[in-house]
Amino acid sequence: MLDAEKMLEEVAAEVAELKKMLEQLTKGVIPKEEIQLLTIKELTELLQISHVTLNRLVKLGDFPQPVRIKGAGESARTVRFRAVEVLDWIKLNQQ
């Protein structure tokens, strides 16, 4: 199997998993605290875009805003993206 086909299958599987999570969330099965957060690396691999493109989309307001995470004594430089919001964005932007 070609690398591109394998990557497409992996992305499709991840999207299917996100869809399942969204369905569970809307049914109230998943508590709010357990909503999956994606790292920049996970997101760029899932969408097959560079981090530069991701940053541009966020700055333009064309992509869900990240959640800033602040640990004890740290600045809020760590960011994550809500998987549910990313899935909604994917659905709205499919061609």
# chains A, B, ... in the order shown; residues from 1 in each chain; ligands from 1
>>> select_by_dssp(residues="chain A", states="alpha helix (DSSP H)", output="ChimeraX atom specification")
/A:3-26,40-47,51-60,83-93
>>> write_last_selection(atoms="N, CA and C atoms", output="compact mmCIF listing (two decimals), in the first residue's frame")
# COMPACT_ATOMS: atom_id res chain seq x y z
N ASP A 3 2.26 4.98 0.79
CA ASP A 3 2.29 5.75 2.02
C ASP A 3 1.10 6.70 2.11
N ALA A 4 0.75 7.34 1.02
CA ALA A 4 -0.36 8.29 1.01
C ALA A 4 -1.68 7.58 1.34
N GLU A 5 -1.87 6.39 0.80
CA GLU A 5 -3.09 5.63 1.08
C GLU A 5 -3.15 5.23 2.55
N LYS A 6 -2.01 4.83 3.08
CA LYS A 6 -1.95 4.44 4.49
C LYS A 6 -2.25 5.64 5.38
N MET A 7 -1.68 6.78 5.05
CA MET A 7 -1.94 7.99 5.83
C MET A 7 -3.40 8.38 5.76
N LEU A 8 -4.01 8.25 4.57
CA LEU A 8 -5.43 8.56 4.42
C LEU A 8 -6.29 7.65 5.29
N GLU A 9 -5.94 6.37 5.32
CA GLU A 9 -6.67 5.43 6.15
C GLU A 9 -6.55 5.78 7.62
N GLU A 10 -5.33 6.16 8.04
CA GLU A 10 -5.11 6.54 9.43
C GLU A 10 -5.92 7.79 9.79
N VAL A 11 -5.92 8.77 8.90
CA VAL A 11 -6.69 9.99 9.14
C VAL A 11 -8.18 9.66 9.21
N ALA A 12 -8.65 8.81 8.30
CA ALA A 12 -10.06 8.42 8.30
C ALA A 12 -10.42 7.71 9.60
N ALA A 13 -9.53 6.87 10.10
CA ALA A 13 -9.78 6.17 11.36
C ALA A 13 -9.85 7.16 12.52
N GLU A 14 -8.94 8.14 12.52
CA GLU A 14 -8.95 9.15 13.58
C GLU A 14 -10.21 10.01 13.51
N VAL A 15 -10.64 10.36 12.31
CA VAL A 15 -11.86 11.15 12.14
C VAL A 15 -13.06 10.33 12.62
N ALA A 16 -13.08 9.04 12.31
CA ALA A 16 -14.17 8.18 12.77
C ALA A 16 -14.21 8.13 14.29
N GLU A 17 -13.03 8.07 14.91
CA GLU A 17 -12.96 8.06 16.37
C GLU A 17 -13.47 9.38 16.95
N LEU A 18 -13.11 10.49 16.31
CA LEU A 18 -13.60 11.79 16.76
C LEU A 18 -15.11 11.89 16.60
N LYS A 19 -15.64 11.34 15.50
CA LYS A 19 -17.09 11.34 15.30
C LYS A 19 -17.79 10.55 16.41
N LYS A 20 -17.22 9.41 16.76
CA LYS A 20 -17.79 8.58 17.81
C LYS A 20 -17.79 9.35 19.13
N MET A 21 -16.69 10.05 19.40
CA MET A 21 -16.61 10.85 20.63
C MET A 21 -17.67 11.94 20.63
N LEU A 22 -17.86 12.59 19.49
CA LEU A 22 -18.86 13.65 19.39
C LEU A 22 -20.26 13.10 19.62
N GLU A 23 -20.55 11.93 19.06
CA GLU A 23 -21.86 11.31 19.28
C GLU A 23 -22.08 11.01 20.75
N GLN A 24 -21.03 10.47 21.40
CA GLN A 24 -21.14 10.16 22.83
C GLN A 24 -21.32 11.44 23.64
N LEU A 25 -20.60 12.48 23.26
CA LEU A 25 -20.69 13.74 23.98
C LEU A 25 -22.10 14.32 23.90
N THR A 26 -22.67 14.27 22.70
CA THR A 26 -24.01 14.83 22.53
C THR A 26 -25.06 14.00 23.26
N ILE A 40 -0.50 20.24 19.08
CA ILE A 40 -0.23 20.81 17.76
C ILE A 40 0.31 19.72 16.84
N LYS A 41 1.20 18.89 17.36
CA LYS A 41 1.78 17.82 16.54
C LYS A 41 0.70 16.84 16.07
N GLU A 42 -0.16 16.41 16.98
CA GLU A 42 -1.25 15.49 16.61
C GLU A 42 -2.16 16.11 15.56
N LEU A 43 -2.46 17.38 15.74
CA LEU A 43 -3.36 18.08 14.84
C LEU A 43 -2.76 18.27 13.45
N THR A 44 -1.50 18.66 13.39
CA THR A 44 -0.87 18.85 12.08
C THR A 44 -0.73 17.52 11.34
N GLU A 45 -0.49 16.44 12.08
CA GLU A 45 -0.42 15.12 11.45
C GLU A 45 -1.80 14.68 10.96
N LEU A 46 -2.82 14.92 11.79
CA LEU A 46 -4.18 14.55 11.42
C LEU A 46 -4.65 15.29 10.17
N LEU A 47 -4.39 16.59 10.13
CA LEU A 47 -4.85 17.40 9.01
C LEU A 47 -3.87 17.46 7.85
N HIS A 51 2.72 23.34 10.92
CA HIS A 51 2.34 24.15 12.08
C HIS A 51 2.21 25.62 11.70
N VAL A 52 2.94 26.04 10.67
CA VAL A 52 2.84 27.42 10.19
C VAL A 52 1.44 27.67 9.62
N THR A 53 0.95 26.73 8.82
CA THR A 53 -0.40 26.85 8.26
C THR A 53 -1.44 26.84 9.37
N LEU A 54 -1.26 25.97 10.36
CA LEU A 54 -2.19 25.91 11.49
C LEU A 54 -2.22 27.25 12.22
N ASN A 55 -1.05 27.81 12.51
CA ASN A 55 -0.98 29.10 13.19
C ASN A 55 -1.67 30.19 12.38
N ARG A 56 -1.48 30.17 11.07
CA ARG A 56 -2.11 31.17 10.20
C ARG A 56 -3.62 31.06 10.26
N LEU A 57 -4.15 29.82 10.19
CA LEU A 57 -5.59 29.61 10.26
C LEU A 57 -6.17 30.10 11.59
N VAL A 58 -5.45 29.83 12.67
CA VAL A 58 -5.90 30.26 14.00
C VAL A 58 -5.91 31.79 14.08
N LYS A 59 -4.82 32.42 13.63
CA LYS A 59 -4.72 33.88 13.69
C LYS A 59 -5.78 34.56 12.84
N LEU A 60 -6.14 33.96 11.71
CA LEU A 60 -7.17 34.52 10.83
C LEU A 60 -8.58 34.28 11.37
N ALA A 83 -10.83 18.37 20.48
CA ALA A 83 -11.08 17.45 19.37
C ALA A 83 -12.47 17.64 18.78
N VAL A 84 -13.44 17.93 19.61
CA VAL A 84 -14.82 18.11 19.14
C VAL A 84 -14.91 19.32 18.22
N GLU A 85 -14.24 20.41 18.59
CA GLU A 85 -14.27 21.61 17.76
C GLU A 85 -13.55 21.37 16.43
N VAL A 86 -12.45 20.61 16.48
CA VAL A 86 -11.71 20.29 15.26
C VAL A 86 -12.59 19.45 14.34
N LEU A 87 -13.30 18.49 14.90
CA LEU A 87 -14.19 17.64 14.09
C LEU A 87 -15.27 18.49 13.43
N ASP A 88 -15.85 19.42 14.18
CA ASP A 88 -16.86 20.31 13.60
C ASP A 88 -16.26 21.12 12.45
N TRP A 89 -15.05 21.61 12.64
CA TRP A 89 -14.36 22.38 11.61
C TRP A 89 -14.14 21.53 10.36
N ILE A 90 -13.72 20.28 10.56
CA ILE A 90 -13.50 19.36 9.43
C ILE A 90 -14.80 19.16 8.66
N LYS A 91 -15.90 18.95 9.37
CA LYS A 91 -17.19 18.73 8.71
C LYS A 91 -17.60 19.95 7.89
N LEU A 92 -17.38 21.14 8.43
CA LEU A 92 -17.76 22.37 7.74
C LEU A 92 -16.88 22.66 6.53
N ASN A 93 -15.66 22.15 6.54
CA ASN A 93 -14.70 22.49 5.49
C ASN A 93 -14.41 21.36 4.52
>>> residues_around(residues="Pro66 of chain A", least_positions_apart="5", cutoff="9 Å", atoms="only C-alpha atoms", output="JSON, numbers by chain")
{"A": [58, 79, 80, 81, 82]}
>>> select_by_dssp(residues="chain A", states="strand (DSSP E or B)", output="PyMOL selection string")
chain A and resi 37-38+67-69+78-82
>>> write_last_selection(atoms="N, CA and C atoms", output="CSV table (one decimal), in the first residue's frame")
chain,number,residue,atom,x,y,z
A,37,LEU,N,-8.2,16.5,24.2
A,37,LEU,CA,-7.5,17.6,23.7
A,37,LEU,C,-6.3,17.2,22.8
A,38,LEU,N,-6.1,17.8,21.7
A,38,LEU,CA,-5.1,17.4,20.7
A,38,LEU,C,-3.9,18.4,20.8
A,67,VAL,N,-6.9,26.0,23.4
A,67,VAL,CA,-7.0,26.1,24.9
A,67,VAL,C,-5.6,26.3,25.4
A,68,ARG,N,-5.4,27.3,26.2
A,68,ARG,CA,-4.1,27.6,26.8
A,68,ARG,C,-4.0,26.9,28.2
A,69,ILE,N,-3.0,26.1,28.4
A,69,ILE,CA,-2.9,25.4,29.6
A,69,ILE,C,-1.7,26.0,30.5
A,78,THR,N,1.6,26.5,26.8
A,78,THR,CA,1.1,25.2,26.3
A,78,THR,C,-0.3,25.3,25.7
A,79,VAL,N,-0.4,24.8,24.5
A,79,VAL,CA,-1.8,24.9,23.9
A,79,VAL,C,-2.3,23.6,23.4
A,80,ARG,N,-3.5,23.4,23.5
A,80,ARG,CA,-4.2,22.2,23.0
A,80,ARG,C,-5.5,22.6,22.2
A,81,PHE,N,-6.0,21.7,21.4
A,81,PHE,CA,-7.2,22.0,20.6
A,81,PHE,C,-8.2,21.0,21.0
A,82,ARG,N,-9.5,21.5,21.2
A,82,ARG,CA,-10.5,20.5,21.5
A,82,ARG,C,-10.9,19.7,20.3
